[in-house]
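Source file: query.txt (compact mmCIF, C-alpha atoms)
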```txt
# COMPACT_ATOMS: atom_id res chain seq x y z
CA MET A 231 22.78 -44.49 -69.34
CA HIS A 232 21.52 -46.45 -66.32
CA ILE A 233 21.69 -50.23 -66.19
CA TYR A 234 17.90 -50.58 -66.44
CA GLU A 235 17.83 -48.69 -69.74
CA LYS A 236 20.76 -50.67 -71.13
CA LEU A 237 19.01 -53.94 -70.35
CA LEU A 238 15.73 -52.72 -71.78
CA LYS A 239 17.39 -51.66 -75.03
CA LYS A 240 19.33 -54.95 -75.10
CA GLU A 241 22.62 -53.08 -75.07
CA ALA A 242 23.59 -55.21 -72.06
CA SER A 243 22.69 -58.68 -70.84
CA LEU A 244 21.50 -60.04 -67.53
CA SER A 245 23.16 -63.21 -66.26
CA LEU A 246 21.69 -65.83 -63.99
CA VAL A 247 24.35 -67.83 -62.13
CA GLY A 248 22.86 -71.11 -60.91
CA LEU A 249 19.97 -72.61 -62.89
CA GLY A 250 18.21 -74.77 -60.32
CA TYR A 251 14.56 -74.65 -59.28
CA VAL A 252 15.03 -70.96 -58.39
CA GLY A 253 17.43 -69.71 -61.05
CA LEU A 254 15.89 -71.18 -64.18
CA PRO A 255 12.38 -69.71 -63.76
CA ILE A 256 13.91 -66.31 -63.05
CA ALA A 257 16.18 -66.54 -66.08
CA LEU A 258 13.33 -67.49 -68.41
CA ALA A 259 11.05 -64.79 -67.02
CA PHE A 260 13.66 -62.12 -67.75
CA ALA A 261 14.47 -63.68 -71.14
CA ARG A 262 11.00 -62.75 -72.37
CA LYS A 263 11.88 -59.10 -71.82
CA ILE A 264 15.66 -58.72 -72.14
CA LYS A 265 18.82 -60.60 -73.17
CA VAL A 266 19.82 -63.26 -70.66
CA ILE A 267 22.83 -65.51 -70.12
CA GLY A 268 22.04 -68.63 -68.11
CA PHE A 269 25.14 -70.06 -66.42
CA ASP A 270 25.53 -73.34 -64.55
CA ILE A 271 28.53 -75.57 -63.81
CA ASN A 272 26.54 -78.73 -64.55
CA SER A 273 27.03 -79.41 -68.27
CA SER A 274 24.36 -82.14 -68.48
CA ARG A 275 21.75 -79.76 -67.05
CA ILE A 276 22.80 -77.06 -69.50
CA GLU A 277 22.38 -79.47 -72.43
CA MET A 278 18.87 -80.32 -71.23
CA MET A 279 17.94 -76.64 -71.01
CA LYS A 280 19.25 -76.03 -74.50
CA ARG A 281 16.70 -78.64 -75.61
CA GLY A 282 13.94 -76.88 -73.72
CA VAL A 283 13.84 -79.35 -70.83
CA ASP A 284 13.79 -78.35 -67.17
CA PRO A 285 16.09 -80.74 -65.24
CA SER A 286 14.07 -80.03 -62.07
CA ASP A 287 10.88 -81.10 -63.87
CA GLU A 288 9.06 -77.96 -62.74
CA LEU A 289 8.59 -76.06 -66.02
CA GLU A 290 6.78 -77.09 -69.18
CA PRO A 291 8.69 -77.02 -72.53
CA GLU A 292 6.65 -74.08 -73.81
CA VAL A 293 8.10 -71.85 -71.08
CA PHE A 294 11.41 -71.95 -72.97
CA GLN A 295 9.82 -70.65 -76.16
CA ASN A 296 10.09 -67.01 -77.29
CA THR A 297 12.96 -66.30 -74.92
CA ASP A 298 16.25 -64.52 -75.59
CA ILE A 299 18.58 -66.70 -73.53
CA GLN A 300 22.01 -68.28 -73.99
CA PHE A 301 22.77 -71.31 -71.80
CA THR A 302 26.43 -71.89 -71.02
CA THR A 303 29.01 -73.45 -68.69
CA ASP A 304 31.70 -71.02 -69.89
CA LYS A 305 32.23 -68.29 -67.31
CA ASN A 306 33.89 -66.08 -69.93
CA VAL A 307 30.49 -65.66 -71.60
CA LEU A 308 29.39 -63.88 -68.40
CA LYS A 309 31.63 -60.97 -69.38
CA LYS A 310 28.89 -59.90 -71.81
CA ALA A 311 26.50 -59.37 -68.91
CA ALA A 312 26.27 -56.24 -66.79
CA PHE A 313 23.61 -57.35 -64.27
CA HIS A 314 24.43 -60.62 -62.50
CA ILE A 315 21.94 -62.55 -60.37
CA VAL A 316 23.36 -65.32 -58.18
CA ALA A 317 20.82 -68.03 -57.27
CA VAL A 318 22.76 -71.04 -56.00
CA PRO A 319 21.85 -73.38 -53.12
CA THR A 320 22.86 -72.60 -49.56
CA PRO A 321 22.70 -75.98 -47.79
CA ILE A 322 23.83 -77.13 -44.36
CA ASP A 323 26.50 -79.73 -43.59
CA LYS A 324 26.15 -82.92 -41.55
CA HIS A 325 26.56 -80.88 -38.36
CA ASN A 326 23.67 -78.55 -39.34
CA LEU A 327 26.07 -75.68 -39.94
CA PRO A 328 25.79 -73.34 -42.95
CA ASP A 329 27.65 -74.54 -46.03
CA LEU A 330 28.45 -71.47 -48.11
CA THR A 331 30.64 -73.41 -50.55
CA PRO A 332 28.30 -73.09 -53.58
CA LEU A 333 27.63 -69.41 -52.83
CA LEU A 334 31.28 -68.44 -52.42
CA SER A 335 32.27 -70.47 -55.48
CA ALA A 336 29.65 -68.66 -57.58
CA THR A 337 30.87 -65.36 -56.13
CA ARG A 338 34.42 -66.14 -57.22
CA THR A 339 33.13 -66.91 -60.70
CA VAL A 340 31.37 -63.55 -60.91
CA GLY A 341 34.28 -61.71 -59.30
CA SER A 342 36.67 -63.04 -61.93
CA ILE A 343 34.70 -61.42 -64.77
CA LEU A 344 33.31 -58.35 -62.99
CA LYS A 345 33.81 -54.98 -64.67
CA LYS A 346 33.08 -51.34 -63.92
CA GLY A 347 29.38 -50.45 -63.94
CA ASP A 348 28.20 -54.01 -63.26
CA TYR A 349 25.53 -55.01 -60.75
CA VAL A 350 25.61 -58.19 -58.64
CA VAL A 351 22.40 -59.27 -56.89
CA TYR A 352 22.12 -62.33 -54.65
CA GLU A 353 18.97 -64.42 -54.25
CA SER A 354 20.33 -67.27 -52.12
CA THR A 355 19.07 -67.55 -48.54
CA VAL A 356 21.80 -66.53 -46.09
CA TYR A 357 22.20 -65.23 -42.55
CA PRO A 358 22.18 -61.41 -42.23
CA GLY A 359 25.53 -59.92 -43.17
CA THR A 360 26.65 -62.62 -45.61
CA THR A 361 26.24 -60.53 -48.78
CA ASP A 362 28.22 -57.58 -47.46
CA GLU A 363 30.72 -59.37 -45.23
CA GLU A 364 31.49 -62.50 -47.27
CA CYS A 365 30.48 -61.93 -50.89
CA ARG A 366 31.46 -58.28 -51.28
CA THR A 367 34.99 -58.97 -50.06
CA ILE A 368 35.51 -61.72 -52.64
CA LEU A 369 34.08 -59.61 -55.45
CA GLU A 370 36.35 -56.68 -54.58
CA ASP A 371 39.46 -58.82 -54.13
CA LEU A 372 39.10 -60.71 -57.42
CA SER A 373 37.98 -57.79 -59.56
CA GLY A 374 40.12 -55.04 -58.03
CA LEU A 375 36.97 -52.90 -58.04
CA LYS A 376 35.30 -51.02 -55.18
CA CYS A 377 31.71 -51.77 -54.21
CA GLY A 378 29.47 -48.72 -54.39
CA VAL A 379 31.98 -46.92 -56.60
CA ASP A 380 32.90 -49.27 -59.44
CA PHE A 381 30.11 -51.83 -59.12
CA LYS A 382 26.82 -52.13 -57.25
CA LEU A 383 25.72 -54.85 -54.87
CA GLY A 384 22.18 -55.99 -54.07
CA TYR A 385 20.11 -58.71 -52.45
CA SER A 386 16.64 -59.90 -53.47
CA PRO A 387 15.60 -63.12 -51.71
CA GLU A 388 13.90 -65.84 -53.73
CA ARG A 389 10.35 -66.78 -52.81
CA ILE A 390 9.71 -69.56 -55.32
CA ASN A 391 7.72 -72.49 -53.94
CA PRO A 392 8.48 -75.78 -55.75
CA GLY A 393 5.41 -77.41 -57.24
CA ASP A 394 3.28 -74.29 -56.72
CA LYS A 395 1.80 -73.12 -60.03
CA GLU A 396 -0.03 -70.21 -58.40
CA HIS A 397 2.69 -68.46 -56.43
CA THR A 398 5.33 -67.93 -59.11
CA ILE A 399 8.05 -65.33 -59.52
CA THR A 400 5.70 -62.97 -61.34
CA SER A 401 2.90 -63.17 -58.76
CA ILE A 402 4.85 -62.81 -55.49
CA THR A 403 5.93 -59.42 -54.17
CA LYS A 404 9.72 -59.17 -54.58
CA ILE A 405 11.87 -57.78 -51.80
CA VAL A 406 14.80 -55.80 -53.17
CA SER A 407 17.76 -54.15 -51.47
CA ALA A 408 21.05 -52.62 -52.50
CA CYS A 409 24.23 -50.93 -51.33
CA ASP A 410 22.91 -47.39 -51.96
CA GLU A 411 19.77 -45.53 -53.04
CA GLU A 412 20.76 -45.26 -56.69
CA ALA A 413 21.40 -48.97 -56.91
CA LEU A 414 18.17 -49.73 -55.06
CA ASP A 415 16.13 -47.82 -57.64
CA GLU A 416 17.83 -49.62 -60.52
CA VAL A 417 17.47 -53.07 -58.97
CA ALA A 418 13.80 -52.38 -58.25
CA LYS A 419 13.14 -51.31 -61.84
CA VAL A 420 14.90 -54.36 -63.25
CA TYR A 421 12.85 -56.79 -61.16
CA ALA A 422 9.68 -54.84 -61.89
CA LEU A 423 10.13 -55.92 -65.51
CA VAL A 424 8.96 -59.42 -64.60
CA VAL A 425 7.30 -59.20 -61.19
CA LYS A 426 3.69 -58.16 -61.73
CA ALA A 427 2.95 -58.21 -57.99
CA GLY A 428 5.39 -55.35 -57.45
CA VAL A 429 8.56 -54.85 -55.44
CA PHE A 430 9.21 -53.90 -51.84
CA LYS A 431 12.31 -51.80 -51.16
CA ALA A 432 14.00 -52.95 -47.96
CA SER A 433 15.98 -50.35 -46.03
CA SER A 434 19.20 -52.34 -46.25
CA ILE A 435 20.69 -55.58 -47.53
CA LYS A 436 20.81 -56.97 -43.98
CA VAL A 437 17.12 -56.26 -43.49
CA ALA A 438 16.29 -58.10 -46.72
CA GLU A 439 18.47 -61.07 -45.70
CA ALA A 440 16.79 -61.20 -42.30
CA ALA A 441 13.31 -60.92 -43.80
CA LYS A 442 13.91 -63.96 -45.96
CA ILE A 443 15.36 -66.12 -43.25
CA ILE A 444 12.54 -65.47 -40.77
CA GLU A 445 9.87 -66.38 -43.34
CA ASN A 446 10.88 -70.03 -43.15
CA THR A 447 11.93 -69.88 -39.51
CA GLN A 448 8.45 -68.72 -38.55
CA ARG A 449 6.88 -71.62 -40.45
CA ASP A 450 9.33 -74.06 -38.93
CA VAL A 451 8.56 -73.02 -35.35
CA ASN A 452 4.81 -73.11 -35.93
CA ILE A 453 4.94 -76.56 -37.52
CA ALA A 454 7.09 -77.75 -34.62
CA LEU A 455 4.33 -76.66 -32.24
CA MET A 456 1.80 -78.67 -34.25
CA ASN A 457 4.11 -81.69 -34.22
CA GLU A 458 4.51 -81.49 -30.46
CA LEU A 459 0.77 -81.13 -30.04
CA SER A 460 0.27 -84.24 -32.18
CA MET A 461 2.49 -86.21 -29.79
CA ILE A 462 0.48 -84.99 -26.82
CA PHE A 463 -2.88 -85.64 -28.46
CA ASN A 464 -1.74 -89.10 -29.53
CA LYS A 465 -1.34 -90.00 -25.86
CA MET A 466 -4.89 -88.78 -25.30
CA ASN A 467 -6.26 -90.76 -28.26
CA ILE A 468 -7.34 -87.52 -29.94
CA ASN A 469 -6.90 -86.94 -33.68
CA THR A 470 -4.80 -83.80 -34.13
CA PHE A 471 -6.31 -82.90 -37.48
CA GLU A 472 -9.79 -82.96 -35.96
CA VAL A 473 -8.59 -80.68 -33.17
CA LEU A 474 -7.11 -78.26 -35.72
CA GLU A 475 -10.29 -78.36 -37.78
CA ALA A 476 -12.30 -77.33 -34.73
CA ALA A 477 -9.81 -74.68 -33.56
CA GLY A 478 -9.59 -73.32 -37.11
CA THR A 479 -13.13 -71.99 -36.88
CA LYS A 480 -11.74 -69.04 -34.88
CA TRP A 481 -10.91 -66.13 -37.20
CA ASN A 482 -7.37 -65.57 -35.95
CA PHE A 483 -6.25 -69.17 -35.47
CA LEU A 484 -3.10 -69.87 -37.52
CA LYS A 485 -3.63 -72.92 -39.72
CA PHE A 486 -0.42 -74.88 -39.50
CA PHE A 487 -0.36 -78.67 -39.56
CA PRO A 488 1.94 -81.42 -38.27
CA GLY A 489 4.18 -83.36 -40.62
CA LEU A 490 7.67 -84.08 -41.88
CA VAL A 491 9.66 -80.87 -42.35
CA GLY A 492 12.37 -81.35 -44.96
CA GLY A 493 13.45 -79.73 -48.17
CA HIS A 494 16.03 -77.07 -48.79
CA CYS A 495 14.18 -74.15 -47.17
CA ILE A 496 12.15 -74.70 -43.99
CA GLY A 497 14.35 -77.55 -42.80
CA VAL A 498 17.57 -75.63 -43.52
CA ASP A 499 17.15 -71.86 -43.22
CA PRO A 500 16.62 -71.71 -39.42
CA TYR A 501 20.08 -73.21 -38.94
CA TYR A 502 21.59 -70.21 -40.73
CA LEU A 503 19.91 -67.90 -38.25
CA THR A 504 20.85 -69.95 -35.17
CA PHE A 505 24.46 -70.13 -36.43
CA LYS A 506 24.68 -66.35 -36.67
CA ALA A 507 22.94 -65.94 -33.32
CA ALA A 508 25.45 -68.26 -31.65
CA GLU A 509 28.30 -66.36 -33.28
CA LEU A 510 26.92 -63.24 -31.61
CA GLY A 511 26.63 -64.98 -28.25
CA HIS A 512 22.89 -65.65 -28.25
CA ALA A 513 21.39 -69.14 -27.84
CA ALA A 514 18.26 -69.23 -30.00
CA GLN A 515 16.22 -71.44 -27.67
CA VAL A 516 12.83 -71.34 -29.39
CA ILE A 517 14.24 -71.84 -32.89
CA ASN A 518 16.57 -74.64 -31.81
CA SER A 519 13.77 -76.36 -29.91
CA GLY A 520 11.55 -76.21 -32.99
CA ARG A 521 14.31 -77.67 -35.12
CA ALA A 522 14.84 -80.50 -32.63
CA VAL A 523 11.15 -81.39 -32.69
CA ASN A 524 10.89 -81.31 -36.48
CA ASP A 525 14.14 -83.17 -37.06
CA GLY A 526 12.89 -85.91 -34.76
CA MET A 527 9.57 -86.52 -36.51
CA GLY A 528 10.87 -89.24 -38.84
CA LYS A 529 12.03 -91.28 -35.86
CA TYR A 530 8.78 -90.60 -34.01
CA ILE A 531 6.59 -91.78 -36.93
CA ALA A 532 8.63 -94.96 -37.43
CA THR A 533 8.55 -95.75 -33.70
CA GLU A 534 4.77 -95.34 -33.56
CA VAL A 535 4.39 -97.73 -36.50
CA VAL A 536 6.65 -100.31 -34.87
CA LYS A 537 4.68 -100.07 -31.59
CA LYS A 538 1.44 -100.76 -33.46
CA ILE A 539 2.96 -103.73 -35.30
CA ILE A 540 4.05 -105.22 -31.97
CA LYS A 541 0.64 -104.51 -30.44
CA ALA A 542 -0.95 -106.43 -33.31
CA GLY A 543 1.02 -109.47 -32.17
CA LYS A 544 3.44 -109.50 -35.10
CA ASN A 545 7.18 -110.14 -35.14
CA VAL A 546 8.86 -106.88 -36.15
CA LEU A 547 11.87 -108.69 -37.57
CA HIS A 548 9.63 -110.56 -40.03
CA SER A 549 7.48 -107.54 -40.89
CA LYS A 550 7.37 -105.48 -44.06
CA VAL A 551 6.28 -101.85 -44.35
CA LEU A 552 5.29 -99.98 -47.52
CA VAL A 553 6.09 -96.26 -47.63
CA LEU A 554 4.14 -94.11 -50.08
CA GLY A 555 6.16 -91.06 -51.10
CA ALA A 556 9.85 -90.21 -50.91
CA THR A 557 10.14 -86.57 -52.01
CA PHE A 558 10.39 -83.74 -49.50
CA LYS A 559 6.88 -82.49 -50.30
CA GLU A 560 3.87 -83.36 -52.38
CA ASN A 561 3.74 -83.28 -56.19
CA VAL A 562 7.43 -82.52 -56.79
CA SER A 563 10.40 -84.66 -57.80
CA ASP A 564 12.80 -82.93 -55.39
CA ILE A 565 14.30 -85.32 -52.81
CA ARG A 566 16.76 -82.91 -51.20
CA ASN A 567 16.68 -83.18 -47.41
CA SER A 568 13.62 -85.44 -47.54
CA LYS A 569 12.70 -86.53 -44.04
CA VAL A 570 11.05 -89.64 -45.46
CA ALA A 571 14.58 -91.04 -45.41
CA ASP A 572 14.54 -90.71 -41.61
CA VAL A 573 11.34 -92.76 -41.45
CA VAL A 574 12.82 -95.45 -43.70
CA ASN A 575 16.13 -95.63 -41.85
CA GLU A 576 14.46 -95.78 -38.44
CA LEU A 577 12.15 -98.58 -39.55
CA LYS A 578 15.13 -100.50 -40.88
CA SER A 579 16.94 -100.03 -37.58
CA TYR A 580 14.21 -102.18 -35.99
CA GLY A 581 14.81 -104.91 -38.56
CA VAL A 582 11.75 -104.04 -40.64
CA THR A 583 11.90 -104.64 -44.40
CA VAL A 584 10.85 -101.43 -46.15
CA ASP A 585 9.53 -100.93 -49.70
CA ILE A 586 9.17 -97.40 -51.07
CA ILE A 587 7.14 -96.17 -54.02
CA ASP A 588 6.83 -92.64 -55.43
CA PRO A 589 5.44 -91.47 -58.80
CA TYR A 590 7.70 -88.41 -58.90
CA ALA A 591 11.05 -89.38 -57.35
CA SER A 592 14.02 -90.88 -59.19
CA SER A 593 15.05 -94.27 -57.84
CA GLU A 594 18.62 -93.64 -58.97
CA GLU A 595 18.80 -90.30 -57.15
CA LEU A 596 17.30 -91.80 -53.99
CA ASN A 597 19.86 -94.59 -54.01
CA LYS A 598 22.70 -92.14 -54.52
CA GLU A 599 21.49 -89.74 -51.82
CA TYR A 600 20.00 -92.07 -49.19
CA GLY A 601 21.06 -95.60 -50.07
CA PHE A 602 17.64 -97.00 -50.91
CA SER A 603 15.71 -97.42 -54.17
CA LEU A 604 12.08 -97.50 -55.19
CA CYS A 605 10.37 -100.85 -55.60
CA LYS A 606 8.79 -101.47 -58.99
CA LYS A 607 5.55 -102.94 -57.69
CA PRO A 608 4.24 -103.15 -54.11
CA GLY A 609 3.39 -106.55 -52.67
CA ASN A 610 0.43 -107.71 -50.59
CA ASP A 611 2.14 -108.72 -47.37
CA TYR A 612 2.75 -105.49 -45.47
CA ALA A 613 2.21 -105.15 -41.74
CA ALA A 614 1.84 -101.40 -42.23
CA ILE A 615 1.56 -98.78 -44.93
CA VAL A 616 2.96 -95.31 -44.22
CA VAL A 617 1.52 -92.53 -46.40
CA ALA A 618 4.47 -90.19 -45.96
CA VAL A 619 3.84 -87.66 -48.74
CA ALA A 620 0.41 -86.36 -49.78
CA HIS A 621 0.93 -86.66 -53.54
CA LYS A 622 -2.22 -85.98 -55.57
CA ASP A 623 -1.81 -89.49 -56.98
CA TYR A 624 -2.64 -90.86 -53.53
CA SER A 625 -5.65 -88.67 -52.76
CA ASP A 626 -8.25 -91.05 -54.20
CA LEU A 627 -6.87 -94.35 -52.94
CA SER A 628 -9.66 -96.44 -51.43
CA GLU A 629 -9.76 -98.48 -48.26
CA ASP A 630 -9.82 -101.56 -50.50
CA TYR A 631 -6.49 -100.49 -52.00
CA PHE A 632 -4.85 -100.48 -48.59
CA ARG A 633 -6.53 -103.74 -47.57
CA SER A 634 -5.23 -105.44 -50.71
CA HIS A 635 -1.63 -104.68 -49.71
CA LEU A 636 -1.91 -105.36 -45.98
CA THR A 637 -1.75 -108.56 -43.98
CA GLU A 638 -4.35 -109.32 -41.32
CA LYS A 639 -4.49 -106.60 -38.62
CA GLY A 640 -2.50 -104.34 -40.93
CA LEU A 641 -1.99 -100.69 -40.13
CA VAL A 642 -2.24 -97.42 -42.09
CA MET A 643 -0.11 -94.52 -40.82
CA ASP A 644 -1.39 -91.40 -42.58
CA VAL A 645 1.16 -88.68 -41.87
CA LYS A 646 -0.86 -85.82 -43.38
CA GLY A 647 -4.30 -87.08 -42.33
CA ILE A 648 -5.73 -87.25 -45.85
CA TYR A 649 -7.68 -90.49 -45.23
CA ARG A 650 -9.02 -89.86 -41.74
CA LYS A 651 -12.65 -89.77 -42.94
CA LYS A 652 -12.21 -92.51 -45.53
CA ILE A 653 -10.64 -95.45 -43.69
CA LYS A 654 -13.10 -96.97 -41.25
CA ASN A 655 -12.41 -100.71 -41.02
CA LEU A 656 -8.62 -100.83 -40.83
CA THR A 657 -6.33 -99.85 -37.99
CA TYR A 658 -5.65 -96.20 -38.78
CA ILE A 659 -3.42 -93.58 -37.18
CA SER A 660 -2.16 -90.16 -38.20
CA LEU A 661 -0.17 -87.39 -36.58
```

Kindly present the structure from the file in structure tokens form.
Amino acid sequence: MHIYEKLLKKEASLSLVGLGYVGLPIALAFARKIKVIGFDINSSRIEMMKRGVDPSDELEPEVFQNTDIQFTTDKNVLKKAAFHIVAVPTPIDKHNLPDLTPLLSATRTVGSILKKGDYVVYESTVYPGTTDEECRTILEDLSGLKCGVDFKLGYSPERINPGDKEHTITSITKIVSACDEEALDEVAKVYALVVKAGVFKASSIKVAEAAKIIENTQRDVNIALMNELSMIFNKMNINTFEVLEAAGTKWNFLKFFPGLVGGHCIGVDPYYLTFKAAELGHAAQVINSGRAVNDGMGKYIATEVVKKIIKAGKNVLHSKVLVLGATFKENVSDIRNSKVADVVNELKSYGVTVDIIDPYASSEELNKEYGFSLCKKPGNDYAAIVVAVAHKDYSDLSEDYFRSHLTEKGLVMDVKGIYRKKIKNLTYISL
């Protein structure tokens, strides 16, 4: 009997290793169809999930209902599963080099319990060749089994977008790949259980890995172009968003916008590709240039604010700035790799006192990760307000709101341009 049939008849379980913002939705989607084991090394997160609470604050409690899932931190429970999906983070280190520590650790966990007939499918974003060259070796060494003979290997890149209720796992076409044709058919059928949009069979695991990594690299490079254009247009006293609005009337104009590029995907994935390129002797000039531009936007925004404060005749060392938003993108609680921290740190480097508010972020997590906390209530003595994240909570703020928190000749820096047609009587700038 094939693995798909065993899962369907609940004669075997599917395991999900890593229950973050990617792993948990996948696990729960499958758990409405088949038996699932949800594994994570974080015991406090597991306890929350057992109570029907998503630690990432992405899923509603009802999503946990009517599911056949066992949450555990005990790797021995994984022995009951025959189809293992690994969905752990693949971050970068302080030198912007790939950090495969979580991925390889999860692989060792799976390798230690792997048995004949099992499938292992990776969802984590990696550079092409990682699954076969790094993960397969560990799985074979720890299990004593041979890939393609005793167990099957696959790769199906995640495409979940945090905070997006429209593009979910069930509604996005799923790329699948595997070590051979038989495995590819089985992996495709398993994912088709939950992905209504259908699956796309990649010709190889490397092709699937490459497809995932260029999705975010393409966005990164395009946003970098918009960010550079915003710097140029700023020198011309032209509003970039108005330029893009005009240019966007052409049918084939690509609608990318300037902004802070953080998070654990767009701001990270290109470094995996440039690392592999360098290993192969190729300097990825366009990708590296785009990364340099985007990584420098926090400093650029802070510097522009400081220039305006000085131009208004104010002493920077005695000035306060309010920053609205601290997460890496709008309407999520995720602060990983948030470039707002760059804005805050650069402002502080000029001697500016900075207050930060955010309706979604955890003050405790921000302090632990970046060394600053949220203020409980904003004051009324700010030389500038930086709207760093376009949370929906900020969309209806009036000009009077900003005026009430600013000192005379105060400034509004609107990173995403959401107030450019609303603020008329205050000093206003955007990217």

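Using all atoms listed in the file, the residues found no farther than 7 Å from stretch 354-365 of chain A, other than those of its own chain fewer than 5 positions away, are Ala317, Val318, Pro319, Thr320, Leu334, Thr337, Pro387, Glu388, Lys436, Glu439, Ala440, Lys442, Ile443, Tyr502, Leu503 and Lys506 of chain A.
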
Residues just named, written with C-alpha atoms as a PDB file, in the frame of the given file:
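The result, stored in part_29.pdb:
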```
ATOM      1  CA  ALA A 317      20.820 -68.030 -57.270  1.00  0.00           C
ATOM      2  CA  VAL A 318      22.760 -71.040 -56.000  1.00  0.00           C
ATOM      3  CA  PRO A 319      21.850 -73.380 -53.120  1.00  0.00           C
ATOM      4  CA  THR A 320      22.860 -72.600 -49.560  1.00  0.00           C
ATOM      5  CA  LEU A 334      31.280 -68.440 -52.420  1.00  0.00           C
ATOM      6  CA  THR A 337      30.870 -65.360 -56.130  1.00  0.00           C
ATOM      7  CA  PRO A 387      15.600 -63.120 -51.710  1.00  0.00           C
ATOM      8  CA  GLU A 388      13.900 -65.840 -53.730  1.00  0.00           C
ATOM      9  CA  LYS A 436      20.810 -56.970 -43.980  1.00  0.00           C
ATOM     10  CA  GLU A 439      18.470 -61.070 -45.700  1.00  0.00           C
ATOM     11  CA  ALA A 440      16.790 -61.200 -42.300  1.00  0.00           C
ATOM     12  CA  LYS A 442      13.910 -63.960 -45.960  1.00  0.00           C
ATOM     13  CA  ILE A 443      15.360 -66.120 -43.250  1.00  0.00           C
ATOM     14  CA  TYR A 502      21.590 -70.210 -40.730  1.00  0.00           C
ATOM     15  CA  LEU A 503      19.910 -67.900 -38.250  1.00  0.00           C
ATOM     16  CA  LYS A 506      24.680 -66.350 -36.670  1.00  0.00           C
TER      17      LYS A 506
END
```

Spatial neighbours of stretch 477-491 of chain A, 10 Å, all atoms listed in the file, chain gap at least 5 places, as a VMD selection string: chain A and resid 449 to 450 452 to 461 470 to 472 496 to 498 521 523 to 528 531 558 to 559 567 to 570 572 to 573 618 to 619 644 to 647 660 to 661

Take the residues from that selection and put them in a file with C-alpha atoms, as a short mmCIF file (atom, residue, chain, number, x, y, z; two decimals), in the frame of the given file.
```
data_model
loop_
_atom_site.label_atom_id
_atom_site.label_comp_id
_atom_site.auth_asym_id
_atom_site.auth_seq_id
_atom_site.Cartn_x
_atom_site.Cartn_y
_atom_site.Cartn_z
CA ARG A 449 6.88 -71.62 -40.45
CA ASP A 450 9.33 -74.06 -38.93
CA ASN A 452 4.81 -73.11 -35.93
CA ILE A 453 4.94 -76.56 -37.52
CA ALA A 454 7.09 -77.75 -34.62
CA LEU A 455 4.33 -76.66 -32.24
CA MET A 456 1.80 -78.67 -34.25
CA ASN A 457 4.11 -81.69 -34.22
CA GLU A 458 4.51 -81.49 -30.46
CA LEU A 459 0.77 -81.13 -30.04
CA SER A 460 0.27 -84.24 -32.18
CA MET A 461 2.49 -86.21 -29.79
CA THR A 470 -4.80 -83.80 -34.13
CA PHE A 471 -6.31 -82.90 -37.48
CA GLU A 472 -9.79 -82.96 -35.96
CA ILE A 496 12.15 -74.70 -43.99
CA GLY A 497 14.35 -77.55 -42.80
CA VAL A 498 17.57 -75.63 -43.52
CA ARG A 521 14.31 -77.67 -35.12
CA VAL A 523 11.15 -81.39 -32.69
CA ASN A 524 10.89 -81.31 -36.48
CA ASP A 525 14.14 -83.17 -37.06
CA GLY A 526 12.89 -85.91 -34.76
CA MET A 527 9.57 -86.52 -36.51
CA GLY A 528 10.87 -89.24 -38.84
CA ILE A 531 6.59 -91.78 -36.93
CA PHE A 558 10.39 -83.74 -49.50
CA LYS A 559 6.88 -82.49 -50.30
CA ASN A 567 16.68 -83.18 -47.41
CA SER A 568 13.62 -85.44 -47.54
CA LYS A 569 12.70 -86.53 -44.04
CA VAL A 570 11.05 -89.64 -45.46
CA ASP A 572 14.54 -90.71 -41.61
CA VAL A 573 11.34 -92.76 -41.45
CA ALA A 618 4.47 -90.19 -45.96
CA VAL A 619 3.84 -87.66 -48.74
CA ASP A 644 -1.39 -91.40 -42.58
CA VAL A 645 1.16 -88.68 -41.87
CA LYS A 646 -0.86 -85.82 -43.38
CA GLY A 647 -4.30 -87.08 -42.33
CA SER A 660 -2.16 -90.16 -38.20
CA LEU A 661 -0.17 -87.39 -36.58
#
```

Taking (28.2, -61.1, -65.1) in the file's own coordinates, collect the residues within 10 Å, counting only C-alpha atoms, and hand them back as an MDAnalysis selection string. chainID A and resid 243:247 267 269 305:316 339:345 348:350

Output C-alpha atoms of each residue in that selection to a file, as a tab-separated table (two decimals), keeping the file's coordinate frame.
```tsv
chain	number	residue	atom	x	y	z
A	243	SER	CA	22.69	-58.68	-70.84
A	244	LEU	CA	21.50	-60.04	-67.53
A	245	SER	CA	23.16	-63.21	-66.26
A	246	LEU	CA	21.69	-65.83	-63.99
A	247	VAL	CA	24.35	-67.83	-62.13
A	267	ILE	CA	22.83	-65.51	-70.12
A	269	PHE	CA	25.14	-70.06	-66.42
A	305	LYS	CA	32.23	-68.29	-67.31
A	306	ASN	CA	33.89	-66.08	-69.93
A	307	VAL	CA	30.49	-65.66	-71.60
A	308	LEU	CA	29.39	-63.88	-68.40
A	309	LYS	CA	31.63	-60.97	-69.38
A	310	LYS	CA	28.89	-59.90	-71.81
A	311	ALA	CA	26.50	-59.37	-68.91
A	312	ALA	CA	26.27	-56.24	-66.79
A	313	PHE	CA	23.61	-57.35	-64.27
A	314	HIS	CA	24.43	-60.62	-62.50
A	315	ILE	CA	21.94	-62.55	-60.37
A	316	VAL	CA	23.36	-65.32	-58.18
A	339	THR	CA	33.13	-66.91	-60.70
A	340	VAL	CA	31.37	-63.55	-60.91
A	341	GLY	CA	34.28	-61.71	-59.30
A	342	SER	CA	36.67	-63.04	-61.93
A	343	ILE	CA	34.70	-61.42	-64.77
A	344	LEU	CA	33.31	-58.35	-62.99
A	345	LYS	CA	33.81	-54.98	-64.67
A	348	ASP	CA	28.20	-54.01	-63.26
A	349	TYR	CA	25.53	-55.01	-60.75
A	350	VAL	CA	25.61	-58.19	-58.64
```
